[in-house]
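Report on the following structure.
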Amino acid sequence: MAEHGKQKQTISSSDVWSSWLHNRSGGDADYAMVLSAYLAQMRDRVLDNAILGPGQTLLDIGSGDGLIPFGAIERIGSGLEVIFSDISKPMLSYVQKVADARGVMRQCRFAECSADRMGCIESDSADVVTSRAALAFVADKLTAFAEMFRVTKPGGRISLCEPILQDDAFDTIAMRQLLGEQPDHPQARIMELDLRLNASRYPSTVEAAAASPITSYSERDLLNMAIAVGFRAAHLELHIDVRPGLITSWDVFLSTSPHPWAPTAREVLEKQFTAKEREYFENVKRPMFEQGRSQAKDVFAYLTATKPRS
């Protein structure tokens, strides 16, 4: 997985991010609505923590399809200036078209840059810096925090929402260890197939987890990095929710992936499973999704902090 992460960073990131964002609902309109409502909850929490007001400038890092910035404009109105920042040129082109269609172009700016290299954004220029699930994919997170500190105005604040994906890696590692210790486990057959799918998406060894940008940090690491670069009045909330899975369609399950660096389940099944393994896997797993028996665990860190005025 460490090599997987490094490889993805050398590919045109624009293609990776835009392709995933535009296909994360698997082309299913019903699931797209469910996903939109789910994401709106995170957007609203980030904006609640941002404490935005008219006359301010918001910088959103990794703006993607504009979830946070457009939500901020809807909330504050024409008095808010918004900077969309992303490494994906296609996504920036997309949000420009959306902004134009919504008639809000005059209050929007667009910056093509990564979170750890925001040279195109002036120092002390943003009242609030937001991010949702962007820092997770940045290898040098400490530098990204330093950049956030640089571009935030004195007295300004950050409001972040980042996934904590360590548990996904730890669960995969534990499954590998269990199968190694108990090859005759009653559930060994389905567990081995689950492991094959999970290991294509998350690190499956301790060393790989420590080396991968998406699993090499905890929520406390995020808090400590914010403090290390100079932010103060820091507050972190860790939200863990174990809930019924949002996906209730087998085709949606096959057509989607949990993050931009992960393959879809269909890709893994076609490349790594035999025909008999695919049939067995579907017979076991499909009823779980279609009967609403699948489970999901969300782990997100919400972090706010303030840049001192002096």
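Chain labels run A, B, ... following the order of the structure tokens; each chain numbers its residues from 1, and ligands are numbered from 1 in the order shown.
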Checklist line | Selection near A:Gly64, 10 Å with only C-alpha atoms, sequence-local residues under 6 positions removed, as a ChimeraX atom specification | finding: /A:17-18,21-22,84-92,94-95,132-134
For stretch 173-222 of chain A against stretch 235-259 of chain A, with a cut-off of 9 Å and counting only C-alpha atoms, what is the closest atom pair and its distance in Å to one decimal for every residue that makes the cut, ordered by chain and number, as a Markdown table?
```
| residue | atom | partner | partner_atom | distance |
| --- | --- | --- | --- | --- |
| A:Arg201 | CA | A:Pro258 | CA | 7.9 |
| A:Glu219 | CA | A:Leu238 | CA | 7.2 |
| A:Arg220 | CA | A:Leu236 | CA | 8.3 |
| A:Leu222 | CA | A:Leu236 | CA | 8.9 |
```
Surrounding residues of A:Phe281 excluding itself and chain neighbours under 5 positions, 10 Å, only C-alpha atoms, as a JSON list (two decimals) with C-alpha atoms, in the first residue's frame:
```json
[["chain", "number", "residue", "atom", "x", "y", "z"],
["A", 189, "ARG", "CA", -13.13, -18.62, 3.03],
["A", 190, "ILE", "CA", -15.13, -15.39, 3.10],
["A", 191, "MET", "CA", -12.56, -13.72, 5.34],
["A", 193, "LEU", "CA", -11.87, -12.83, 0.05],
["A", 194, "ASP", "CA", -12.69, -9.85, 2.28],
["A", 269, "LEU", "CA", -13.28, -8.98, -8.21],
["A", 273, "PHE", "CA", -11.01, -13.34, -7.98],
["A", 275, "ALA", "CA", -15.23, -16.98, -11.37],
["A", 276, "LYS", "CA", -16.06, -19.38, -8.53],
["A", 286, "ARG", "CA", -25.21, -9.38, -1.87]]
```
Selection: 8 Å around A:Thr205, only C-alpha atoms, excl. self and same-chain fewer than 4 positions, as a PDB file with C-alpha atoms, in the first residue's frame:
```pdb
ATOM      1  CA  ALA A 169      -5.862  -0.510   8.037  1.00  0.00           C
ATOM      2  CA  ILE A 173      -3.962  -6.152   9.435  1.00  0.00           C
ATOM      3  CA  ALA A 209       0.170   1.573   7.325  1.00  0.00           C
TER       4      ALA A 209
END
```
Notebook entry, point to check: What residues in stretch 61-285 of chain A get the DSSP label helix (DSSP H, G or I)? Please answer as JSON, numbers by chain.
Noted result: {"A": [67, 68, 69, 70, 71, 72, 73, 74, 75, 76, 89, 90, 91, 92, 93, 94, 95, 96, 97, 98, 99, 100, 101, 102, 105, 106, 107, 135, 136, 137, 141, 142, 143, 144, 145, 146, 147, 148, 149, 150, 151, 166, 167, 168, 169, 170, 171, 172, 173, 174, 175, 176, 177, 178, 179, 180, 181, 188, 189, 190, 191, 192, 193, 194, 195, 196, 197, 198, 199, 206, 207, 208, 209, 210, 211, 219, 220, 221, 222, 223, 224, 225, 226, 227, 228, 250, 251, 252, 253, 254, 255, 265, 266, 267, 268, 269, 270, 271, 272, 275, 276, 277, 278, 279, 280, 281, 282, 283, 284, 285]}
Checklist line | Pick from A:Asp127, A:Glu181, A:Glu270, A:Asp60 nearest to A:Cys113, counting only C-alpha atoms | finding: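 Ranking A:Asp127, A:Glu181, A:Glu270, A:Asp60 by distance to A:Cys113, first place goes to A:Asp60.
Distance check against A:Pro69 using only C-alpha atoms: of A:Cys120, A:Met42, A:Cys108, A:Ala146, the minimum falls on A:Cys108.
The spacing separating atom CA of A:Thr215 from atom CA of A:Val268 amounts to 20.8 Å.
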Checklist line | 6 Å contact set for A:Ser123, only C-alpha atoms, chain neighbours under 2 positions out, as number ranges by chain | finding: A: 125, 150-151
Checklist line | Between atom CA of A:Phe170 and atom CA of A:Asp298, distance in Å (one decimal) | finding: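 Between these atoms lies a distance of 14.3 Å.
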Margin query: Using only C-alpha atoms, which protein or nucleic acid residues come within 9 Å of A:Ala199? Drop anything in the same chain fewer than 3 positions from it, and give the result as a PyMOL selection string.
Written below: chain A and resi 1+169+172-173+194-196+202-204
Check: If you run DSSP on the backbone, which residues of stretch 15-221 of chain A are strand (DSSP E or B), as a ChimeraX atom specification?
Finding: /A:57-61,81-86,108-112,114,117,126-132,152-163
Include C-alpha atoms and write out the residues we just selected as a short mmCIF file (atom, residue, chain, number, x, y, z; two decimals), in the first residue's frame.
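File written: again.cif
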```
data_model
loop_
_atom_site.label_atom_id
_atom_site.label_comp_id
_atom_site.auth_asym_id
_atom_site.auth_seq_id
_atom_site.Cartn_x
_atom_site.Cartn_y
_atom_site.Cartn_z
CA THR A 57 -12.66 35.56 2.82
CA LEU A 58 -12.92 31.78 2.95
CA LEU A 59 -10.19 29.54 1.54
CA ASP A 60 -11.26 25.92 0.99
CA ILE A 61 -8.42 23.45 0.49
CA GLU A 81 -15.42 35.97 -0.92
CA VAL A 82 -14.44 32.36 -1.55
CA ILE A 83 -11.20 30.86 -2.83
CA PHE A 84 -11.54 27.39 -4.33
CA SER A 85 -8.20 25.60 -4.04
CA ASP A 86 -7.47 22.21 -5.59
CA CYS A 108 -15.17 33.41 -6.32
CA ARG A 109 -11.47 32.89 -7.00
CA PHE A 110 -9.80 29.69 -8.14
CA ALA A 111 -6.31 28.48 -7.24
CA GLU A 112 -4.64 25.39 -8.65
CA SER A 114 -1.70 21.49 -3.39
CA ARG A 117 2.41 24.18 -1.69
CA ALA A 126 -8.02 34.25 4.47
CA ASP A 127 -10.25 34.86 7.47
CA VAL A 128 -11.15 31.18 7.54
CA VAL A 129 -9.47 28.11 6.03
CA THR A 130 -11.54 24.97 5.62
CA SER A 131 -10.85 21.48 4.41
CA ARG A 132 -12.85 18.28 4.17
CA THR A 152 -4.65 32.65 7.51
CA LYS A 153 -5.05 36.23 8.71
CA PRO A 154 -4.02 37.03 12.28
CA GLY A 155 -7.10 36.29 14.36
CA GLY A 156 -8.43 33.99 11.65
CA ARG A 157 -9.29 30.34 12.12
CA ILE A 158 -9.25 26.92 10.53
CA SER A 159 -12.18 24.48 10.45
CA LEU A 160 -11.27 21.02 9.21
CA CYS A 161 -12.97 17.67 8.81
CA GLU A 162 -10.62 14.80 8.08
CA PRO A 163 -11.23 11.05 7.95
#
```
